[in-house]
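> Pasting a structure here, questions to come.
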Amino acid sequence: MKKQDILLLVNRFLAPVLVILLGLLLVLNPDSAPALIAKLLGWILIAIAIGLGISAIVTRQSTIGKGIAAVALAVVGGWLTNNPLALAAWIGRIIGILLVIDGLQDISEARKQGVQFRMPLIVTIIGAVLILLPMTTSRLVFTLCGVVVLIVGIAMLLDRLKERKQLDEPEDPNIIDAL
């Protein structure tokens, strides 16, 4: 196989294969995406803290405020980089608490009106599940995203397999010159 043929195959199939691998990663390990997001957020906070610290030293304006903000951002950024799944877990817990509160309020209102409260009860149960199992939300969301990305990657690969190779004008032996 020629070097040009290998480069053509790489150019044609690299993107779909990478998209398929990303989809498989999200489906098989949905915790990897929130962990990566939390680590990136942690490093960004640490970088901002360093910038604020340098700014507090260089410019003599509001040095104490910048110093306190730099230390706070560095602590939060360090905590996020060391505990990357904690952010997703706390977001799940907060959503669960809000759902439980909303569901209980709706149940109370439904009882006052004498109406059935099946849907508010379901919302309350879902909220309780999210409080007890906070990673359920992020795992479900990223697994569904992984399935979509996997389908898109497979569609891209099938589309690229169906494409006809265009003939190269000067070197291609399949071109018959009638003149």
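Residues are named by chain letter and number: chains run A, B, ... in the order of the structure tokens, numbers start at 1 in each chain, and ligands are numbered from 1 in the order shown.
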Residues within 12 Å of Ala56 (chain A), please, as number ranges by chain. Count only C-alpha atoms; anything in the same chain fewer than 3 positions from it doesn't count.
A: 49-53, 59-71
> DSSP on the backbone: which residues in region 29-172 of chain A end up as alpha helix (DSSP H)? Give the answer as an NGL selection string.
:A and (32-58 or 63-82 or 84-113 or 118-132 or 136-162)
> Select, from A:Asn11, A:Asn82, A:Thr137, A:Asn29, the residue with the minimum atom-to-atom distance to Ile94 (chain A), counting only C-alpha atoms.
A:Thr137
> With only C-alpha atoms as the atoms that count, which of A:Pro30, A:Gly153, A:Gly103, A:Gly42 lies nearest to Ser138 (chain A)?
A:Pro30
> Write out as a PyMOL selection string each polymer residue whose atoms come within 12 Å of Val148 (chain A), counting only C-alpha atoms; drop sequence neighbours fewer than 2 positions from it.
chain A and resi 19-20+22-24+26-27+141-146+150-155
> Write the residues of the selection above to a file with N, CA and C atoms, as a compact mmCIF listing (two decimals), in the first residue's frame.

```txt
# COMPACT_ATOMS: atom_id res chain seq x y z
N VAL A 19 -15.05 9.37 16.95
CA VAL A 19 -16.39 9.66 17.46
C VAL A 19 -17.01 8.38 18.03
N ILE A 20 -16.83 7.25 17.37
CA ILE A 20 -17.34 5.98 17.88
C ILE A 20 -16.66 5.63 19.20
N LEU A 22 -15.37 7.71 21.38
CA LEU A 22 -15.90 8.62 22.39
C LEU A 22 -17.28 8.16 22.85
N GLY A 23 -18.12 7.76 21.92
CA GLY A 23 -19.45 7.25 22.28
C GLY A 23 -19.36 6.01 23.15
N LEU A 24 -18.46 5.09 22.79
CA LEU A 24 -18.28 3.89 23.60
C LEU A 24 -17.77 4.23 25.00
N LEU A 26 -18.31 7.00 26.67
CA LEU A 26 -19.40 7.58 27.44
C LEU A 26 -20.45 6.54 27.84
N VAL A 27 -20.67 5.55 26.99
CA VAL A 27 -21.64 4.51 27.33
C VAL A 27 -21.08 3.56 28.39
N VAL A 141 -27.52 10.94 31.99
CA VAL A 141 -27.34 11.96 30.95
C VAL A 141 -26.15 11.63 30.06
N PHE A 142 -25.01 11.27 30.65
CA PHE A 142 -23.83 11.01 29.84
C PHE A 142 -23.92 9.68 29.10
N THR A 143 -24.66 8.71 29.65
CA THR A 143 -24.88 7.47 28.91
C THR A 143 -25.75 7.74 27.68
N LEU A 144 -26.80 8.53 27.85
CA LEU A 144 -27.64 8.89 26.70
C LEU A 144 -26.85 9.69 25.67
N CYS A 145 -26.02 10.61 26.13
CA CYS A 145 -25.16 11.36 25.20
C CYS A 145 -24.21 10.41 24.48
N GLY A 146 -23.69 9.42 25.19
CA GLY A 146 -22.80 8.43 24.59
C GLY A 146 -23.49 7.63 23.51
N LEU A 150 -22.39 7.68 19.72
CA LEU A 150 -22.08 6.40 19.08
C LEU A 150 -22.88 6.24 17.78
N ILE A 151 -24.15 6.58 17.81
CA ILE A 151 -24.99 6.49 16.60
C ILE A 151 -24.48 7.44 15.52
N VAL A 152 -24.11 8.66 15.93
CA VAL A 152 -23.57 9.63 14.97
C VAL A 152 -22.27 9.11 14.36
N GLY A 153 -21.40 8.54 15.18
CA GLY A 153 -20.14 8.00 14.68
C GLY A 153 -20.34 6.85 13.71
N ILE A 154 -21.28 5.96 14.03
CA ILE A 154 -21.57 4.85 13.12
C ILE A 154 -22.15 5.37 11.81
N ALA A 155 -23.03 6.36 11.89
CA ALA A 155 -23.59 6.95 10.67
C ALA A 155 -22.49 7.62 9.84
```
> Near Leu132 (chain A), counting only C-alpha atoms, which residues have an atom at most 10 Å away, once you skip same-chain residues fewer than 5 positions from it, shown as a PyMOL selection string?
chain A and resi 92-93+96+126-127
> Can those selected residues be exported to a file as a PDB file, in the first residue's frame so that it contains N, CA, C and O atoms?

```pdb
ATOM      1  N   GLY A  92     -26.414  16.401  41.733  1.00  0.00           N
ATOM      2  CA  GLY A  92     -27.504  15.435  41.793  1.00  0.00           C
ATOM      3  C   GLY A  92     -28.295  15.538  43.085  1.00  0.00           C
ATOM      4  O   GLY A  92     -29.527  15.461  43.083  1.00  0.00           O
ATOM      5  N   ARG A  93     -27.590  15.722  44.205  1.00  0.00           N
ATOM      6  CA  ARG A  93     -28.281  15.871  45.498  1.00  0.00           C
ATOM      7  C   ARG A  93     -29.131  17.142  45.537  1.00  0.00           C
ATOM      8  O   ARG A  93     -30.256  17.127  46.044  1.00  0.00           O
ATOM      9  N   GLY A  96     -32.167  16.620  43.560  1.00  0.00           N
ATOM     10  CA  GLY A  96     -33.060  15.742  44.305  1.00  0.00           C
ATOM     11  C   GLY A  96     -33.795  16.460  45.415  1.00  0.00           C
ATOM     12  O   GLY A  96     -35.002  16.272  45.609  1.00  0.00           O
ATOM     13  N   ILE A 126     -38.660  10.295  42.723  1.00  0.00           N
ATOM     14  CA  ILE A 126     -37.466  10.531  41.891  1.00  0.00           C
ATOM     15  C   ILE A 126     -36.483  11.436  42.633  1.00  0.00           C
ATOM     16  O   ILE A 126     -35.271  11.198  42.623  1.00  0.00           O
ATOM     17  N   GLY A 127     -36.983  12.456  43.298  1.00  0.00           N
ATOM     18  CA  GLY A 127     -36.117  13.325  44.093  1.00  0.00           C
ATOM     19  C   GLY A 127     -35.422  12.571  45.208  1.00  0.00           C
ATOM     20  O   GLY A 127     -34.231  12.772  45.467  1.00  0.00           O
TER      21      GLY A 127
END
```
> Work out how far CA of Ile95 (chain A) is from CA of Arg139 (chain A), in Å to one decimal.
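Spanning CA of Arg139 (chain A) to CA of Ile95 (chain A) is a straight-line distance of 14.2 Å.
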> Which distance in Å separates CA of Leu18 (chain A) and CA of Leu87 (chain A), to one decimal?
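So the answer is 27.3 Å.
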> Tell me, as a short mmCIF file (atom, residue, chain, number, x, y, z; two decimals) with N, CA, C and O atoms, in the first residue's frame, which residues lie within 10 Å of Ile107 (chain A), counting only C-alpha atoms; anything in the same chain fewer than 5 positions away does not count.

```
data_model
loop_
_atom_site.label_atom_id
_atom_site.label_comp_id
_atom_site.auth_asym_id
_atom_site.auth_seq_id
_atom_site.Cartn_x
_atom_site.Cartn_y
_atom_site.Cartn_z
N ILE A 101 -38.83 18.79 47.54
CA ILE A 101 -39.56 19.95 48.05
C ILE A 101 -40.74 20.29 47.14
O ILE A 101 -41.86 20.49 47.62
N ASP A 102 -40.49 20.31 45.84
CA ASP A 102 -41.56 20.62 44.89
C ASP A 102 -42.65 19.55 44.93
O ASP A 102 -43.85 19.88 44.92
N LYS A 112 -55.30 19.47 49.52
CA LYS A 112 -56.22 20.56 49.86
C LYS A 112 -57.36 20.66 48.86
O LYS A 112 -58.49 20.96 49.21
N GLN A 113 -57.04 20.39 47.59
CA GLN A 113 -58.05 20.50 46.54
C GLN A 113 -58.84 19.20 46.36
O GLN A 113 -59.79 19.16 45.61
N VAL A 115 -57.68 16.41 44.99
CA VAL A 115 -57.33 15.84 43.69
C VAL A 115 -56.30 14.73 43.91
O VAL A 115 -55.57 14.70 44.91
N GLN A 116 -56.22 13.80 42.94
CA GLN A 116 -55.21 12.74 43.05
C GLN A 116 -53.82 13.34 42.88
O GLN A 116 -53.63 14.32 42.17
N PHE A 117 -52.85 12.71 43.52
CA PHE A 117 -51.49 13.26 43.49
C PHE A 117 -50.48 12.21 43.05
O PHE A 117 -49.43 12.06 43.65
N ARG A 118 -50.80 11.51 41.96
CA ARG A 118 -49.85 10.51 41.45
C ARG A 118 -48.56 11.14 40.92
O ARG A 118 -47.47 10.70 41.25
N MET A 119 -48.69 12.15 40.07
CA MET A 119 -47.50 12.77 39.47
C MET A 119 -46.62 13.44 40.52
O MET A 119 -45.39 13.27 40.49
N PRO A 120 -47.17 14.21 41.46
CA PRO A 120 -46.29 14.77 42.50
C PRO A 120 -45.62 13.69 43.35
O PRO A 120 -44.48 13.86 43.78
N LEU A 121 -46.30 12.57 43.54
CA LEU A 121 -45.69 11.47 44.29
C LEU A 121 -44.52 10.88 43.50
O LEU A 121 -43.46 10.58 44.08
N VAL A 123 -42.69 12.49 41.31
CA VAL A 123 -41.62 13.50 41.38
C VAL A 123 -40.89 13.41 42.72
O VAL A 123 -39.66 13.48 42.78
N THR A 124 -41.64 13.22 43.80
CA THR A 124 -41.03 13.11 45.12
C THR A 124 -40.16 11.86 45.23
O THR A 124 -39.05 11.91 45.78
#
```
> Figure out the distance between CA of Ala89 (chain A) and CA of Leu40 (chain A), please, to one decimal in Å.
16.5 Å
> Using only C-alpha atoms, which residues sit within 12 Å of Ile44 (chain A) once same-chain residues fewer than 5 positions away are excluded, as a PyMOL selection string?
chain A and resi 37-39+49-51+73-74+76-78+80-81
> Would you pick out the contacts of Ile91 (chain A) at 10 Å or less, using only C-alpha atoms, so that residues sharing its chain but fewer than 6 positions from it are not included, and give the list as a ChimeraX atom specification?
/A:97,130-131,134-135,137-138
> So that I have them on file, write out the residues from the current selection with N, CA, C and O atoms, as a tab-separated table (two decimals), in the first residue's frame.

```tsv
chain	number	residue	atom	x	y	z
A	97	ILE	N	-33.08	17.30	46.16
A	97	ILE	CA	-33.72	18.07	47.24
A	97	ILE	C	-34.79	18.99	46.66
A	97	ILE	O	-35.91	19.08	47.21
A	130	LEU	N	-32.64	10.56	43.80
A	130	LEU	CA	-31.48	11.40	43.48
A	130	LEU	C	-30.72	11.81	44.75
A	130	LEU	O	-29.50	11.99	44.70
A	131	ILE	N	-31.42	11.97	45.85
A	131	ILE	CA	-30.72	12.30	47.11
A	131	ILE	C	-29.90	11.09	47.57
A	131	ILE	O	-28.75	11.25	47.98
A	134	PRO	N	-26.95	10.10	44.12
A	134	PRO	CA	-26.81	11.38	43.40
A	134	PRO	C	-26.14	11.28	42.03
A	134	PRO	O	-26.35	12.13	41.19
A	135	MET	N	-25.37	10.26	41.78
A	135	MET	CA	-24.69	10.15	40.48
A	135	MET	C	-25.60	9.62	39.38
A	135	MET	O	-25.21	9.56	38.22
A	137	THR	N	-28.18	10.91	37.97
A	137	THR	CA	-28.49	11.92	36.95
A	137	THR	C	-27.37	12.04	35.93
A	137	THR	O	-27.60	11.96	34.73
A	138	SER	N	-26.15	12.24	36.42
A	138	SER	CA	-25.05	12.45	35.47
A	138	SER	C	-24.77	11.18	34.68
A	138	SER	O	-24.47	11.25	33.49
```
